[in-house]
Amino acid sequence: MSRFRALLQASLNATKRAFAWNVEDLMPPSERYVFSFNSKEELKKWHLYSDSEYGGLSSASLEITDADADAGLRGVFSGNLSLDLIEGSSWRMRRSGFCGMRSKKFDGFIDLDAYDTIAMRLRGDGRCYISTIYTENWVNSPGQQEDNSWQAFILAPKDTWHIAKIPLDRYLPTWRGNVIDAKLEMNPSRIVGMSLSVNAEGGVPGARTGPGDFKLGIDWIKALRT
């Protein structure tokens with residue numbers, strides 16, 4: 001009987017170990033790369049925009065640099081913010097002085113439901129940047145082409161690489177740049193894109209503002225489970 005009990009216990013222990021292994025195997029990793037900025041091919045996943053599309057004079061570029069040769073290639077989002085308008089422009093802009101970089105449409109959705117934080121390795125310039133997550137449209141106008149947007153401010157230290165971490169619940173729902181005054185929750189399983197942008201005015205206290213040059217180094221964007 002004692003031998004039978006020993007065999008039974010050994011079988012139970014093996015089952016527990018197998019079950020534990022299977023559960024761990026099904027768990028997503030604690031972090032997931034969403035974007036990296038280490039090659040020209042990776043930069044093709046993004047497109048630039050600015051107030052120049054509406055009669056403004058701001059400009060932006062996204063390039064690869066090897067300034068930190070020992071650390072490999074990095075992306076650089078840079079340009080100039082202008083509050084001026086093209087002379088004789090027929091556009092009636094309410095706000096100028098902005099530039100951004102937005103990821104091109106995914107093939108489907110990115111599912112980040114298993115994660116709670118967005119992390120970015122950045123090197124700032126003293127300005128405040130805006131991180132935007134775009135999700136499938138269900139908040140504003142279901143069935144329309146315009147995506148829902150969720151935004152949070154980022155202030156990375158000047159001339160120093162820094163990992164900025166933004167909990168997903170810190171992203172606020174916005175509609176054409178204005179925060180929606182309602183309690184809404186993002187659906188992180190239906191993410192259709194991301195962007196980084198900068199405005200000449202606004203931001204967080206202590207950030208550099210006004211027209212002029214901007215420069216943001218970007219290494220990677222990840223999703224974390226903290």
# chains A, B, ... in the order shown; residues from 1 in each chain; ligands from 1
>>> select_by_dssp(residues="region 51-207 of chain A", states="strand (DSSP E or B)", output="count of residues only")
70
>>> residues_around(residues="Gly193 (chain A)", least_positions_apart="5", cutoff="7 Å", atoms="only C-alpha atoms", output="PDB file with N, CA, C and O atoms, in the first residue's frame")
ATOM      1  N   SER A 103       2.417  56.385 -36.521  1.00  0.00           N
ATOM      2  CA  SER A 103       2.634  55.091 -37.148  1.00  0.00           C
ATOM      3  C   SER A 103       1.608  54.870 -38.250  1.00  0.00           C
ATOM      4  O   SER A 103       0.463  55.315 -38.159  1.00  0.00           O
ATOM      5  N   LYS A 104       2.023  54.199 -39.301  1.00  0.00           N
ATOM      6  CA  LYS A 104       1.104  53.859 -40.369  1.00  0.00           C
ATOM      7  C   LYS A 104       0.145  52.773 -39.883  1.00  0.00           C
ATOM      8  O   LYS A 104       0.408  52.090 -38.896  1.00  0.00           O
ATOM      9  N   LYS A 105      -0.965  52.624 -40.571  1.00  0.00           N
ATOM     10  CA  LYS A 105      -1.985  51.678 -40.148  1.00  0.00           C
ATOM     11  C   LYS A 105      -1.412  50.262 -40.006  1.00  0.00           C
ATOM     12  O   LYS A 105      -0.667  49.787 -40.860  1.00  0.00           O
ATOM     13  N   PHE A 106      -1.755  49.623 -38.887  1.00  0.00           N
ATOM     14  CA  PHE A 106      -1.359  48.242 -38.692  1.00  0.00           C
ATOM     15  C   PHE A 106      -2.180  47.341 -39.608  1.00  0.00           C
ATOM     16  O   PHE A 106      -3.253  47.709 -40.077  1.00  0.00           O
ATOM     17  N   ILE A 133      -2.206  57.194 -28.265  1.00  0.00           N
ATOM     18  CA  ILE A 133      -2.579  55.834 -28.660  1.00  0.00           C
ATOM     19  C   ILE A 133      -3.920  55.927 -29.382  1.00  0.00           C
ATOM     20  O   ILE A 133      -4.861  56.553 -28.884  1.00  0.00           O
ATOM     21  N   TYR A 134      -3.994  55.322 -30.552  1.00  0.00           N
ATOM     22  CA  TYR A 134      -5.240  55.314 -31.327  1.00  0.00           C
ATOM     23  C   TYR A 134      -5.888  53.935 -31.228  1.00  0.00           C
ATOM     24  O   TYR A 134      -5.211  52.911 -31.399  1.00  0.00           O
TER      25      TYR A 134
END
>>> residues_around(residues="Arg95 (chain A)", least_positions_apart="5", cutoff="12 Å", atoms="only C-alpha atoms", output="VMD selection string")
chain A and resid 50 to 52 54 to 58 81 to 85 176 to 177 199 to 202
>>> residues_around(residues="region 117-131 of chain A", least_positions_apart="3", cutoff="9 Å", atoms="only C-alpha atoms", output="CSV table (one decimal) with N, CA and C atoms, in the first residue's frame")
chain,number,residue,atom,x,y,z
A,100,GLY,N,4.3,66.3,-35.7
A,100,GLY,CA,4.1,64.9,-35.1
A,100,GLY,C,4.6,63.8,-36.1
A,150,TRP,N,-6.1,58.7,-27.4
A,150,TRP,CA,-5.9,58.8,-26.0
A,150,TRP,C,-4.5,59.3,-25.8
A,151,GLN,N,-4.4,60.4,-25.0
A,151,GLN,CA,-3.1,61.1,-24.9
A,151,GLN,C,-2.6,61.3,-23.5
A,152,ALA,N,-1.3,61.4,-23.5
A,152,ALA,CA,-0.6,61.7,-22.2
A,152,ALA,C,0.7,62.5,-22.5
A,153,PHE,N,1.1,63.3,-21.6
A,153,PHE,CA,2.3,64.2,-21.7
A,153,PHE,C,3.5,63.4,-21.3
A,154,ILE,N,4.7,63.7,-22.0
A,154,ILE,CA,6.0,63.1,-21.7
A,154,ILE,C,7.0,64.3,-21.6
A,155,LEU,N,7.7,64.3,-20.5
A,155,LEU,CA,8.8,65.2,-20.4
A,155,LEU,C,10.1,64.4,-20.1
A,156,ALA,N,10.9,64.2,-21.1
A,156,ALA,CA,12.2,63.5,-20.9
A,156,ALA,C,13.3,64.5,-20.6
A,157,PRO,N,14.2,64.1,-19.8
A,157,PRO,CA,15.4,65.0,-19.4
A,157,PRO,C,16.2,65.4,-20.7
A,158,LYS,N,16.7,66.6,-20.6
A,158,LYS,CA,17.4,67.1,-21.8
A,158,LYS,C,18.8,66.4,-21.9
A,159,ASP,N,19.1,66.0,-23.1
A,159,ASP,CA,20.4,65.4,-23.5
A,159,ASP,C,20.8,64.2,-22.7
A,160,THR,N,19.8,63.5,-22.1
A,160,THR,CA,20.1,62.3,-21.3
A,160,THR,C,19.0,61.2,-21.7
A,161,TRP,N,19.5,60.0,-22.0
A,161,TRP,CA,18.6,58.9,-22.3
A,161,TRP,C,17.8,58.6,-21.0
A,162,HIS,N,16.5,58.4,-21.2
A,162,HIS,CA,15.6,58.2,-20.1
A,162,HIS,C,14.5,57.3,-20.5
A,163,ILE,N,14.1,56.4,-19.6
A,163,ILE,CA,12.9,55.5,-19.9
A,163,ILE,C,11.7,56.1,-19.3
A,164,ALA,N,10.8,56.6,-20.1
A,164,ALA,CA,9.5,57.2,-19.6
A,164,ALA,C,8.5,56.1,-19.6
A,165,LYS,N,7.8,55.9,-18.4
A,165,LYS,CA,6.8,54.9,-18.3
A,165,LYS,C,5.4,55.6,-18.0
A,166,ILE,N,4.4,55.2,-18.8
A,166,ILE,CA,3.1,55.8,-18.7
A,166,ILE,C,2.1,54.7,-18.5
A,167,PRO,N,1.4,54.6,-17.4
A,167,PRO,CA,0.4,53.6,-17.2
A,167,PRO,C,-0.7,53.9,-18.2
A,168,LEU,N,-1.3,52.9,-18.8
A,168,LEU,CA,-2.4,53.0,-19.7
A,168,LEU,C,-3.6,53.8,-19.2
A,169,ASP,N,-3.8,53.7,-17.9
A,169,ASP,CA,-5.0,54.4,-17.3
A,169,ASP,C,-4.7,55.9,-17.1
A,171,TYR,N,-3.7,57.7,-19.8
A,171,TYR,CA,-4.0,58.3,-21.1
A,171,TYR,C,-5.4,58.7,-21.0
A,194,MET,N,-0.1,54.6,-33.1
A,194,MET,CA,0.5,55.4,-32.0
A,194,MET,C,1.1,56.7,-32.7
A,195,SER,N,1.3,57.7,-31.9
A,195,SER,CA,2.0,58.9,-32.4
A,195,SER,C,2.8,59.6,-31.3
A,196,LEU,N,3.7,60.4,-31.7
A,196,LEU,CA,4.4,61.3,-30.8
A,196,LEU,C,4.3,62.7,-31.5
A,197,SER,N,4.0,63.7,-30.7
A,197,SER,CA,3.9,65.0,-31.3
A,197,SER,C,4.4,66.1,-30.3
A,198,VAL,N,4.6,67.3,-30.8
A,198,VAL,CA,5.1,68.4,-30.0
A,198,VAL,C,4.4,69.7,-30.4
A,199,ASN,N,4.0,70.5,-29.5
A,199,ASN,CA,3.4,71.8,-29.7
A,199,ASN,C,4.2,73.0,-29.2
A,200,ALA,N,4.2,74.1,-29.9
A,200,ALA,CA,4.9,75.2,-29.4
A,200,ALA,C,4.4,75.8,-28.1
A,202,GLY,N,1.7,75.2,-24.6
A,202,GLY,CA,1.1,74.2,-23.7
A,202,GLY,C,2.1,73.2,-23.2
A,203,GLY,N,1.5,72.2,-22.5
A,203,GLY,CA,2.4,71.2,-22.0
A,203,GLY,C,2.3,71.2,-20.4
A,204,VAL,N,3.4,70.7,-19.8
A,204,VAL,CA,3.5,70.6,-18.4
A,204,VAL,C,4.3,71.8,-17.8
A,206,GLY,N,7.2,73.9,-16.3
A,206,GLY,CA,8.6,73.7,-16.3
A,206,GLY,C,9.2,73.3,-17.7
A,207,ALA,N,8.3,72.9,-18.6
A,207,ALA,CA,8.8,72.5,-19.9
A,207,ALA,C,9.1,73.7,-20.8
A,208,ARG,N,10.1,73.5,-21.7
A,208,ARG,CA,10.4,74.6,-22.6
A,208,ARG,C,9.2,74.8,-23.6
A,209,THR,N,8.8,76.0,-23.9
A,209,THR,CA,7.7,76.3,-24.8
A,209,THR,C,8.2,77.3,-25.8
A,214,PHE,N,13.2,71.7,-32.2
A,214,PHE,CA,12.9,70.7,-31.3
A,214,PHE,C,13.7,69.4,-31.7
A,215,LYS,N,14.0,68.5,-30.8
A,215,LYS,CA,14.8,67.3,-31.1
A,215,LYS,C,14.5,66.3,-30.1
A,216,LEU,N,14.1,65.1,-30.5
A,216,LEU,CA,13.8,64.0,-29.6
A,216,LEU,C,14.4,62.7,-30.1
A,217,GLY,N,15.3,62.2,-29.3
A,217,GLY,CA,15.9,60.9,-29.7
A,217,GLY,C,15.0,59.8,-29.2
A,218,ILE,N,14.8,58.8,-30.1
A,218,ILE,CA,13.9,57.7,-29.7
A,218,ILE,C,14.6,56.3,-30.0
A,219,ASP,N,14.6,55.5,-29.0
A,219,ASP,CA,15.3,54.2,-29.1
A,219,ASP,C,14.2,53.1,-29.3
A,220,TRP,N,13.2,53.0,-28.5
A,220,TRP,CA,12.2,52.0,-28.6
A,220,TRP,C,10.9,52.4,-27.9
A,221,ILE,N,9.8,51.7,-28.2
A,221,ILE,CA,8.6,51.8,-27.5
A,221,ILE,C,8.2,50.4,-27.1
A,222,LYS,N,7.9,50.1,-25.9
A,222,LYS,CA,7.5,48.8,-25.4
A,222,LYS,C,6.2,48.9,-24.6
A,223,ALA,N,5.5,47.7,-24.5
A,223,ALA,CA,4.4,47.6,-23.5
A,223,ALA,C,4.9,46.7,-22.4
A,224,LEU,N,4.6,47.1,-21.2
A,224,LEU,CA,5.0,46.4,-20.0
A,224,LEU,C,3.9,45.9,-19.1
A,225,ARG,N,4.1,44.8,-18.5
A,225,ARG,CA,3.2,44.3,-17.5
A,225,ARG,C,3.9,44.5,-16.1
A,226,THR,N,3.4,45.4,-15.3
A,226,THR,CA,4.1,45.8,-14.1
A,226,THR,C,3.5,45.1,-12.9
>>> residues_around(residues="Gly75 (chain A)", least_positions_apart="4", cutoff="8 Å", atoms="only C-alpha atoms", output="PyMOL selection string")
chain A and resi 37-38+43+62-65+217-219
>>> closest_residue(among="A:Asn137, A:Cys99, A:Leu112, A:Asp213", to="Arg32 (chain A)", atoms="only C-alpha atoms")
A:Leu112
>>> residues_around(residues="Ile191 (chain A)", least_positions_apart="2", cutoff="7 Å", atoms="only C-alpha atoms", output="VMD selection string")
chain A and resid 109 to 111 134 to 136 188 to 189 193
>>> atom_distance(atom1="CA of Phe35 (chain A)", atom2="CA of Glu185 (chain A)")
23.5 Å
>>> closest_residue(among="A:Pro28, A:Gly210, A:Gly72, A:Gly97", to="Ser59 (chain A)", atoms="only C-alpha atoms")
A:Gly97
>>> select_by_dssp(residues="region 20-169 of chain A", states="alpha helix (DSSP H)", output="list in words")
Ala20, Trp21, Asn22, Val23, Glu24, Asp25, Leu26, Lys40, Glu41, Glu42 and Leu43 of chain A
>>> closest_residue(among="A:Lys183, A:Lys40, A:Arg170, A:Lys45", to="Met101 (chain A)", atoms="only C-alpha atoms")
A:Lys45
>>> closest_residue(among="A:Pro211, A:Asp147, A:Pro205, A:Glu31", to="Gly79 (chain A)", atoms="only C-alpha atoms")
A:Pro211
